[in-house]
Amino acid sequence: MAQSPITTRCDDFAAWYQDVVLQGDLAEPAEIVKGCMVIKPNGYAIWELLQHELDTRFKATGHKNMYFPLLIPESFLKKEAEHVEGFSPELAVVTIAGGKKLEEPYVIRPTSETIIGHFFAKWIQSWRDLPMLVNQWANVIRWELRTRMFLRTTEFLWQEGHTAHATHEEANEVVLRMLDVYADVAENVMAMPVIKGMKTQSEKFAGALRSYSIEAMMQNGLALQAGTSHDLGQNFGKAFDVQFQSKEGQLEYVWQTSWGVSTRLIGGLIMTHSDDKGLVLPPKLAPIKAVLVPIYRKDEEKAAVLEAAHRIAKEIGAKVDDRDGQSPGAKFFHWERRGVPVVLELGPRDLASGKIVLKRRDTGTKEPVDQSEVGAKLAAALDDMQKGLYNRAKDRMKANTVLANSLDEVESILKDVSAEKGGGKFVMAHIKDDPACDARLKEFKATVRNIPLVDEYDGPGKCIVTGEPVDRRAVIAKSY
RNA sequence: CGGGGCGUGGCUCAGCCUGGUAGAGCGCCUGGUUCGGGACCAGGAGGUCGGAGGUUCGAAUCCUCCCGCCCCGACCA
C-alpha cells in the first residue's frame, strides 16, 4: 500500500471524512494555529469554481462586490443587543497593536452586519440611494470549541451579501431570491439536494427578524446547514441609524437583508458524494474533468502512445498523466482519490484497435470507446454523472426521511444518531415555533433544521410538544 | 473547563515494562529493469527521541515539573 487506506464510512464516518479530505489533498490541519486549516490547491480550486458559480448569480441579481475591513470596533458589535449576545462568546479581539494597548479593542469580524451598517448610514440618504445591493468575499473568525475541516473551522472563507431597501416587502423578496440562488447552486452545480425553509426563532441569526436556510442531508443522515438568508428587518437600520427620506418626504429606517455561504459547502460536497475509495466530485465542480493515463512497455510503444495521448487529450481537454516512474496502477489510484470524474486509459492494445478506455469515477464502469467518439462520449458521461449524483443523493434523502407524530417517536429515531456512527434521519413532525419546543429536542441533541417553504406532506397538525395547531411539518434532525 | 489518549527522521509507528552505540515500513534522492489497478533491485540522504530538571558510570527508557497536540462532552456557518 503506497498510501494509508481510507477508513470506510460504516466503520467510522467522521474518520472517513478526514481521510477523504487528506487523501484527496484538499486541505490539512494548520496544527500551529488552533482550529484552522490550510486549503491546498485541490481544495481551493473547488472553492474557486463555486465562487464563480455564485458570483455570476449574485451579479445577475444586481449585486456588486465590495470589501470592508477585517477589524471592527468592539463597540459596533454592542449596538444590536441580540447580535452581541449571539456572537460575543466566539469573538477574537485585538487589544494591542503597534506595541500599544488600543483605546478601543477591535474584534476580528465574525460577520460584517455592523461595520456595513455603519457605512450604509453614511451612504444612504434618499430613497434614490436604494436598494443598496452589495456582496463581500472574505474570511471571518469565529472561536469555535470544536472544529472539523471545512465544516467548522475557526477561520473560514465565505461570501456575505448585504442589502438595504425602502420596504420590508422588497427586502423579503431579496431574502427569498438569494435562498433560491443558493438552492440552485446546491442542486444544479453541487448535485446536492436541499430543503429550503424558515429557521425557528431560537435558531435564527442573532439580530435577524427571520432566518431562512437550505438544509442538505449527508451520507450519515446528519443535516448540514448549507446556506442562510436573513430578513434583518429594521434592527440594524435602527442600531446604526441608517435612515433615508422617502418619496413622501418621511425619514424612515431601511430594511436590510444578509445572506451567506462558506467553504463549508466543500464539506457538504464531500459528504454527499464521496465513497470509500475517496473523493467523488460532480463534474461541474471538478477542477480536472478527465485524466488520460498512457500505458506502454517498450520505448517504441511509449513514443507512439504518448503522441496519441497528447493529441486526443488536447482535442477533448483532458490532462495527460505522463509522469515517469509511476506505474499506471499507481496513477489510477492517485486520480481516484482526488475525485477526477473520468480517467481514460490508452495503451498499445487501444492504438491497434482505434479505441480508448473510458472509466467513470461514480459508477466505476470501464468502457472502450472509439477514439473518434471519445469527445462526445466524455461529454455524455460527465453529463450523466452530474445527473446521476444528484439523483442518488435525492433518493438517499427521501429514503432517510420519516414522519413522526409524537415527541417520543422523534426521540427514539434520533437519540442514538451521531456523526461517527451515522444512522441519521430527517424526521418530519409538527412542532410549534417556540423556544420551549426547541429546548425539548435539544435534550437529545436534535434541532428543528427548518420549516420547509413548500409543504410536501400533510398540511396542518398538532404540535408534538404543546398539542397546539401547527400549519405544516418541520424538519427535525441531528446536524453538523 | 471536565474525561480519555499521544509527543521518537517528511508520514505512520516500534523500542520504554526489565537503562548499555536510535530502528522499521512508507515517502524522498541516484542508477537500472518495469508499466492494462498501488512494480522491483542496488546504492544513498535524513532524527539534539516535545522541553527543563533529577537519579545513574551511563537515560528515548526511571522520577518530578512544564509545554504542545488529538479525541469525547458543553457553543456554532
# chains A, B, ... in the order shown; residues from 1 in each chain; ligands from 1
call {"tool": "residues_around", "arguments": {"residues": "C6 (chain B)", "least_positions_apart": "4", "cutoff": "12 Å", "atoms": "only C-alpha atoms (C1' of nucleotides)", "output": "ChimeraX atom specification"}}
result
/B:13,50,68-71
call {"tool": "write_last_selection", "arguments": {"atoms": "C-alpha atoms (C1' of nucleotides)", "output": "PDB file, in the first residue's frame"}}
result
ATOM      1  C1'   C B  13       4.741   3.847  14.301  1.00  0.00           C
ATOM      2  C1'   G B  50       8.306  17.781  22.893  1.00  0.00           C
ATOM      3  C1'   G B  68       2.028  21.163  22.861  1.00  0.00           C
ATOM      4  C1'   C B  69      -1.411  18.257  20.056  1.00  0.00           C
ATOM      5  C1'   C B  70      -5.600  14.887  19.178  1.00  0.00           C
ATOM      6  C1'   C B  71     -10.336  12.588  20.579  1.00  0.00           C
TER       7        C B  71
END
call {"tool": "closest_atom_pairs", "arguments": {"of": "region 198-296 of chain A", "to": "region 111-116 of chain A", "cutoff": "12 Å", "atoms": "only C-alpha atoms", "output": "JSON lines"}}
result
{"residue": "A:Phe205", "atom": "CA", "partner": "A:Thr111", "partner_atom": "CA", "distance": 10.9}
{"residue": "A:Ala206", "atom": "CA", "partner": "A:Glu113", "partner_atom": "CA", "distance": 10.6}
{"residue": "A:Gly207", "atom": "CA", "partner": "A:Glu113", "partner_atom": "CA", "distance": 9.4}
{"residue": "A:Ala208", "atom": "CA", "partner": "A:Glu113", "partner_atom": "CA", "distance": 10.5}
{"residue": "A:His230", "atom": "CA", "partner": "A:Glu113", "partner_atom": "CA", "distance": 11.0}
{"residue": "A:Leu232", "atom": "CA", "partner": "A:Glu113", "partner_atom": "CA", "distance": 9.5}
{"residue": "A:Asn235", "atom": "CA", "partner": "A:Glu113", "partner_atom": "CA", "distance": 10.5}
{"residue": "A:Phe236", "atom": "CA", "partner": "A:Thr114", "partner_atom": "CA", "distance": 7.4}
{"residue": "A:Gly237", "atom": "CA", "partner": "A:Thr114", "partner_atom": "CA", "distance": 9.8}
{"residue": "A:Lys238", "atom": "CA", "partner": "A:Thr114", "partner_atom": "CA", "distance": 11.3}
{"residue": "A:Ala239", "atom": "CA", "partner": "A:Thr114", "partner_atom": "CA", "distance": 8.7}
{"residue": "A:Phe240", "atom": "CA", "partner": "A:Thr114", "partner_atom": "CA", "distance": 7.6}
{"residue": "A:Asp241", "atom": "CA", "partner": "A:Thr114", "partner_atom": "CA", "distance": 11.2}
{"residue": "A:Val242", "atom": "CA", "partner": "A:Ile116", "partner_atom": "CA", "distance": 10.4}
{"residue": "A:Gln256", "atom": "CA", "partner": "A:Glu113", "partner_atom": "CA", "distance": 9.5}
{"residue": "A:Thr257", "atom": "CA", "partner": "A:Glu113", "partner_atom": "CA", "distance": 9.2}
{"residue": "A:Ser258", "atom": "CA", "partner": "A:Glu113", "partner_atom": "CA", "distance": 7.6}
{"residue": "A:Trp259", "atom": "CA", "partner": "A:Glu113", "partner_atom": "CA", "distance": 10.3}
{"residue": "A:Gly260", "atom": "CA", "partner": "A:Thr111", "partner_atom": "CA", "distance": 9.6}
{"residue": "A:Val261", "atom": "CA", "partner": "A:Thr111", "partner_atom": "CA", "distance": 11.7}
{"residue": "A:Ser262", "atom": "CA", "partner": "A:Thr111", "partner_atom": "CA", "distance": 11.6}
call {"tool": "write_last_selection", "arguments": {"atoms": "C-alpha atoms", "output": "tab-separated table (two decimals), in the first residue's frame"}}
result
chain	number	residue	atom	x	y	z
A	205	PHE	CA	-29.36	34.57	13.13
A	206	ALA	CA	-28.53	36.79	16.10
A	207	GLY	CA	-30.16	40.10	15.25
A	208	ALA	CA	-32.47	38.92	12.47
A	230	HIS	CA	-31.74	36.63	6.76
A	232	LEU	CA	-32.88	41.69	9.30
A	235	ASN	CA	-32.90	46.03	13.57
A	236	PHE	CA	-29.54	47.05	12.18
A	237	GLY	CA	-31.03	50.10	10.47
A	238	LYS	CA	-32.06	51.37	13.88
A	239	ALA	CA	-28.85	50.28	15.60
A	240	PHE	CA	-26.70	52.12	13.05
A	241	ASP	CA	-29.14	54.87	12.26
A	242	VAL	CA	-29.49	54.02	8.59
A	256	GLN	CA	-31.94	45.06	5.48
A	257	THR	CA	-31.02	41.55	4.47
A	258	SER	CA	-27.89	39.46	4.72
A	259	TRP	CA	-27.08	36.06	3.30
A	260	GLY	CA	-24.04	33.82	3.13
A	261	VAL	CA	-22.45	30.57	2.16
A	262	SER	CA	-18.99	29.41	3.11
call {"tool": "closest_residue", "arguments": {"among": "B:G36, B:A60, B:C72, B:G43", "to": "chain A", "atoms": "only C-alpha atoms (C1' of nucleotides)"}}
result
B:G36
call {"tool": "closest_atom_pairs", "arguments": {"of": "chain A", "to": "chain B", "cutoff": "7 Å", "atoms": "only C-alpha atoms (C1' of nucleotides)", "output": "CSV"}}
result
residue,atom,partner,partner_atom,distance
A:Met1,CA,B:G38,C1',5.8
A:Ala2,CA,B:G38,C1',5.7
A:Glu144,CA,B:C76,C1',6.6
A:Leu145,CA,B:C75,C1',6.4
A:Ser262,CA,B:A77,C1',6.8
A:Ile295,CA,B:C35,C1',6.7
A:Tyr296,CA,B:C35,C1',6.2
A:Arg297,CA,B:C35,C1',5.7
A:Ser327,CA,B:C35,C1',5.1
A:Pro328,CA,B:C35,C1',6.4
A:Gly329,CA,B:G37,C1',4.5
A:Ala330,CA,B:G38,C1',4.8
A:Phe332,CA,B:G37,C1',6.6
A:Phe333,CA,B:G38,C1',6.7
call {"tool": "write_last_selection", "arguments": {"atoms": "all heavy atoms", "output": "mmCIF file, in the first residue's frame"}}
result
data_model
loop_
_atom_site.group_PDB
_atom_site.id
_atom_site.type_symbol
_atom_site.label_atom_id
_atom_site.label_comp_id
_atom_site.auth_asym_id
_atom_site.auth_seq_id
_atom_site.Cartn_x
_atom_site.Cartn_y
_atom_site.Cartn_z
ATOM 1 N N MET A 1 0.845 -1.205 0.000
ATOM 2 C CA MET A 1 0.000 0.000 0.000
ATOM 3 C C MET A 1 0.874 1.247 0.000
ATOM 4 O O MET A 1 1.626 1.494 0.937
ATOM 5 C CB MET A 1 -0.917 0.014 1.235
ATOM 6 C CG MET A 1 -2.040 -0.999 1.196
ATOM 7 S SD MET A 1 -3.252 -0.727 -0.095
ATOM 8 C CE MET A 1 -3.019 -2.167 -1.101
ATOM 9 N N ALA A 2 0.747 2.005 -1.034
ATOM 10 C CA ALA A 2 1.561 3.213 -1.135
ATOM 11 C C ALA A 2 1.016 4.314 -0.235
ATOM 12 O O ALA A 2 1.755 5.154 0.247
ATOM 13 C CB ALA A 2 1.600 3.700 -2.574
ATOM 14 N N GLU A 144 -14.642 28.764 17.638
ATOM 15 C CA GLU A 144 -15.477 27.602 17.907
ATOM 16 C C GLU A 144 -14.758 26.655 18.853
ATOM 17 O O GLU A 144 -13.530 26.563 18.841
ATOM 18 C CB GLU A 144 -15.782 26.850 16.606
ATOM 19 C CG GLU A 144 -16.438 27.702 15.538
ATOM 20 C CD GLU A 144 -17.895 28.010 15.822
ATOM 21 O OE1 GLU A 144 -18.398 27.528 16.858
ATOM 22 O OE2 GLU A 144 -18.507 28.742 15.030
ATOM 23 N N LEU A 145 -15.535 25.923 19.626
ATOM 24 C CA LEU A 145 -14.921 24.994 20.571
ATOM 25 C C LEU A 145 -14.481 23.721 19.879
ATOM 26 O O LEU A 145 -13.476 23.130 20.229
ATOM 27 C CB LEU A 145 -15.910 24.679 21.692
ATOM 28 C CG LEU A 145 -16.225 25.890 22.571
ATOM 29 C CD1 LEU A 145 -17.362 25.584 23.511
ATOM 30 C CD2 LEU A 145 -15.000 26.319 23.346
ATOM 31 N N SER A 262 -20.401 29.451 2.756
ATOM 32 C CA SER A 262 -18.985 29.410 3.114
ATOM 33 C C SER A 262 -18.288 28.187 2.526
ATOM 34 O O SER A 262 -18.905 27.370 1.837
ATOM 35 C CB SER A 262 -18.855 29.368 4.637
ATOM 36 O OG SER A 262 -19.282 28.106 5.105
ATOM 37 N N ILE A 295 -0.315 4.038 -21.299
ATOM 38 C CA ILE A 295 0.246 2.753 -20.866
ATOM 39 C C ILE A 295 1.168 2.229 -21.958
ATOM 40 O O ILE A 295 0.790 2.204 -23.139
ATOM 41 C CB ILE A 295 -0.880 1.732 -20.610
ATOM 42 C CG1 ILE A 295 -1.797 2.241 -19.491
ATOM 43 C CG2 ILE A 295 -0.307 0.368 -20.248
ATOM 44 C CD1 ILE A 295 -3.158 1.629 -19.495
ATOM 45 N N TYR A 296 2.376 1.850 -21.564
ATOM 46 C CA TYR A 296 3.329 1.362 -22.570
ATOM 47 C C TYR A 296 4.391 0.521 -21.883
ATOM 48 O O TYR A 296 4.598 0.622 -20.667
ATOM 49 C CB TYR A 296 4.000 2.540 -23.290
ATOM 50 C CG TYR A 296 4.420 3.643 -22.359
ATOM 51 C CD1 TYR A 296 5.582 3.526 -21.601
ATOM 52 C CD2 TYR A 296 3.637 4.789 -22.217
ATOM 53 C CE1 TYR A 296 5.958 4.526 -20.737
ATOM 54 C CE2 TYR A 296 4.009 5.794 -21.348
ATOM 55 C CZ TYR A 296 5.166 5.660 -20.614
ATOM 56 O OH TYR A 296 5.541 6.648 -19.730
ATOM 57 N N ARG A 297 5.042 -0.324 -22.663
ATOM 58 C CA ARG A 297 6.124 -1.155 -22.150
ATOM 59 C C ARG A 297 7.474 -0.698 -22.686
ATOM 60 O O ARG A 297 8.354 -0.304 -21.967
ATOM 61 C CB ARG A 297 5.905 -2.609 -22.556
ATOM 62 C CG ARG A 297 5.044 -3.411 -21.611
ATOM 63 C CD ARG A 297 4.876 -4.815 -22.139
ATOM 64 N NE ARG A 297 3.484 -5.065 -22.488
ATOM 65 C CZ ARG A 297 2.642 -5.706 -21.686
ATOM 66 N NH1 ARG A 297 3.041 -6.183 -20.542
ATOM 67 N NH2 ARG A 297 1.385 -5.879 -22.034
ATOM 68 N N SER A 327 3.748 3.611 -12.092
ATOM 69 C CA SER A 327 3.021 2.630 -12.889
ATOM 70 C C SER A 327 1.611 3.136 -13.142
ATOM 71 O O SER A 327 1.097 3.972 -12.394
ATOM 72 C CB SER A 327 2.963 1.297 -12.149
ATOM 73 O OG SER A 327 2.142 1.435 -11.020
ATOM 74 N N PRO A 328 0.968 2.635 -14.206
ATOM 75 C CA PRO A 328 -0.419 3.053 -14.470
ATOM 76 C C PRO A 328 -1.319 2.817 -13.259
ATOM 77 O O PRO A 328 -2.149 3.660 -12.923
ATOM 78 C CB PRO A 328 -0.827 2.165 -15.644
ATOM 79 C CG PRO A 328 0.445 1.869 -16.348
ATOM 80 C CD PRO A 328 1.477 1.756 -15.252
ATOM 81 N N GLY A 329 -1.126 1.682 -12.599
ATOM 82 C CA GLY A 329 -1.960 1.373 -11.440
ATOM 83 C C GLY A 329 -1.860 2.459 -10.384
ATOM 84 O O GLY A 329 -2.860 2.911 -9.833
ATOM 85 N N ALA A 330 -0.659 2.893 -10.113
ATOM 86 C CA ALA A 330 -0.461 3.937 -9.112
ATOM 87 C C ALA A 330 -1.170 5.215 -9.539
ATOM 88 O O ALA A 330 -1.757 5.924 -8.715
ATOM 89 C CB ALA A 330 1.031 4.193 -8.914
ATOM 90 N N PHE A 332 -3.862 5.393 -11.475
ATOM 91 C CA PHE A 332 -5.314 5.220 -11.331
ATOM 92 C C PHE A 332 -5.742 5.535 -9.901
ATOM 93 O O PHE A 332 -6.726 6.238 -9.662
ATOM 94 C CB PHE A 332 -5.745 3.787 -11.679
ATOM 95 C CG PHE A 332 -5.477 3.401 -13.107
ATOM 96 C CD1 PHE A 332 -5.135 2.099 -13.445
ATOM 97 C CD2 PHE A 332 -5.565 4.339 -14.123
ATOM 98 C CE1 PHE A 332 -4.883 1.737 -14.755
ATOM 99 C CE2 PHE A 332 -5.314 3.994 -15.451
ATOM 100 C CZ PHE A 332 -4.974 2.689 -15.759
ATOM 101 N N PHE A 333 -5.021 4.999 -8.928
ATOM 102 C CA PHE A 333 -5.359 5.252 -7.532
ATOM 103 C C PHE A 333 -5.223 6.727 -7.179
ATOM 104 O O PHE A 333 -6.030 7.295 -6.454
ATOM 105 C CB PHE A 333 -4.478 4.401 -6.611
ATOM 106 C CG PHE A 333 -4.957 2.992 -6.477
ATOM 107 C CD1 PHE A 333 -4.388 1.978 -7.219
ATOM 108 C CD2 PHE A 333 -6.003 2.680 -5.608
ATOM 109 C CE1 PHE A 333 -4.848 0.670 -7.112
ATOM 110 C CE2 PHE A 333 -6.465 1.377 -5.496
ATOM 111 C CZ PHE A 333 -5.882 0.370 -6.251
#
call {"tool": "select_by_dssp", "arguments": {"residues": "region 77-271 of chain A", "states": "strand (DSSP E)", "output": "PyMOL selection string"}}
result
chain A and resi 93-97+100-108+132-141+155-165+194-198+210-217+223-233+243-245+251-253+255-262
call {"tool": "closest_residue", "arguments": {"among": "A:Phe426, A:Tyr457, A:Trp16, A:Phe156", "to": "Val475 (chain A)", "atoms": "only C-alpha atoms"}}
result
A:Phe426
call {"tool": "residues_around", "arguments": {"residues": "region 92-96 of chain A", "least_positions_apart": "2", "cutoff": "7 Å", "atoms": "only C-alpha atoms (C1' of nucleotides)", "output": "number ranges by chain"}}
result
A: 90, 98-102, 105-108, 143
call {"tool": "closest_residue", "arguments": {"among": "A:Arg338, A:Arg146, A:Lys377, A:Lys277", "to": "G73 (chain B)", "atoms": "only C-alpha atoms (C1' of nucleotides)"}}
result
A:Arg146
call {"tool": "closest_residue", "arguments": {"among": "B:G47, B:U61, B:C66, B:G10", "to": "A22 (chain B)", "atoms": "only C-alpha atoms (C1' of nucleotides)"}}
result
B:G47
call {"tool": "atom_distance", "arguments": {"atom1": "CA of Ala474 (chain A)", "atom2": "CA of Gln219 (chain A)"}}
result
20.4 Å
call {"tool": "residues_around", "arguments": {"residues": "Ser353 (chain A)", "least_positions_apart": "4", "cutoff": "12 Å", "atoms": "only C-alpha atoms (C1' of nucleotides)", "output": "ChimeraX atom specification"}}
result
/A:346-349,357,368-372
call {"tool": "write_last_selection", "arguments": {"atoms": "N, CA, C and O atoms", "output": "mmCIF file, in the first residue's frame"}}
result
data_model
loop_
_atom_site.group_PDB
_atom_site.id
_atom_site.type_symbol
_atom_site.label_atom_id
_atom_site.label_comp_id
_atom_site.auth_asym_id
_atom_site.auth_seq_id
_atom_site.Cartn_x
_atom_site.Cartn_y
_atom_site.Cartn_z
ATOM 1 N N LEU A 346 -5.077 4.638 -22.283
ATOM 2 C CA LEU A 346 -4.678 4.458 -23.681
ATOM 3 C C LEU A 346 -3.365 3.681 -23.723
ATOM 4 O O LEU A 346 -2.342 4.144 -23.211
ATOM 5 N N GLY A 347 -3.415 2.475 -24.318
ATOM 6 C CA GLY A 347 -2.220 1.643 -24.407
ATOM 7 C C GLY A 347 -2.063 1.081 -25.800
ATOM 8 O O GLY A 347 -2.860 1.406 -26.694
ATOM 9 N N PRO A 348 -1.058 0.237 -25.975
ATOM 10 C CA PRO A 348 -0.789 -0.362 -27.295
ATOM 11 C C PRO A 348 -2.019 -1.079 -27.874
ATOM 12 O O PRO A 348 -2.288 -0.966 -29.070
ATOM 13 N N ARG A 349 -2.753 -1.787 -27.031
ATOM 14 C CA ARG A 349 -3.941 -2.503 -27.494
ATOM 15 C C ARG A 349 -4.942 -1.544 -28.125
ATOM 16 O O ARG A 349 -5.569 -1.839 -29.131
ATOM 17 N N VAL A 357 -10.062 3.508 -23.490
ATOM 18 C CA VAL A 357 -10.920 3.049 -22.393
ATOM 19 C C VAL A 357 -11.336 4.229 -21.527
ATOM 20 O O VAL A 357 -10.491 5.008 -21.088
ATOM 21 N N PRO A 368 -14.627 0.613 -23.428
ATOM 22 C CA PRO A 368 -13.790 1.013 -24.558
ATOM 23 C C PRO A 368 -14.658 1.768 -25.568
ATOM 24 O O PRO A 368 -15.745 1.311 -25.898
ATOM 25 N N VAL A 369 -14.189 2.939 -25.985
ATOM 26 C CA VAL A 369 -14.952 3.700 -26.984
ATOM 27 C C VAL A 369 -14.032 4.035 -28.159
ATOM 28 O O VAL A 369 -12.805 4.054 -28.014
ATOM 29 N N ASP A 370 -14.651 4.278 -29.324
ATOM 30 C CA ASP A 370 -13.854 4.659 -30.483
ATOM 31 C C ASP A 370 -13.148 5.981 -30.204
ATOM 32 O O ASP A 370 -13.753 6.908 -29.679
ATOM 33 N N GLN A 371 -11.887 6.052 -30.609
ATOM 34 C CA GLN A 371 -11.139 7.286 -30.375
ATOM 35 C C GLN A 371 -11.816 8.481 -31.036
ATOM 36 O O GLN A 371 -11.780 9.595 -30.527
ATOM 37 N N SER A 372 -12.470 8.214 -32.165
ATOM 38 C CA SER A 372 -13.118 9.307 -32.884
ATOM 39 C C SER A 372 -14.340 9.850 -32.134
ATOM 40 O O SER A 372 -14.784 10.956 -32.361
#
call {"tool": "closest_residue", "arguments": {"among": "A:Gly278, A:Gly423, A:Pro287, A:Gly354", "to": "Ala477 (chain A)", "atoms": "only C-alpha atoms"}}
result
A:Gly423
call {"tool": "select_by_dssp", "arguments": {"residues": "region 11-254 of chain A", "states": "helix (DSSP H, G or I)", "output": "ChimeraX atom specification"}}
result
/A:13-23,41-60,74-77,81-90,113-123,127-129,168-189,235-239
call {"tool": "residues_around", "arguments": {"residues": "region 360-363 of chain A", "least_positions_apart": "4", "cutoff": "10 Å", "atoms": "only C-alpha atoms (C1' of nucleotides)", "output": "PyMOL selection string"}}
result
chain A and resi 273-275+277-282+290+335-344+367+378+381-382+385-386+388-389
call {"tool": "atom_distance", "arguments": {"atom1": "CA of Thr61 (chain A)", "atom2": "CA of Leu151 (chain A)"}}
result
27.6 Å
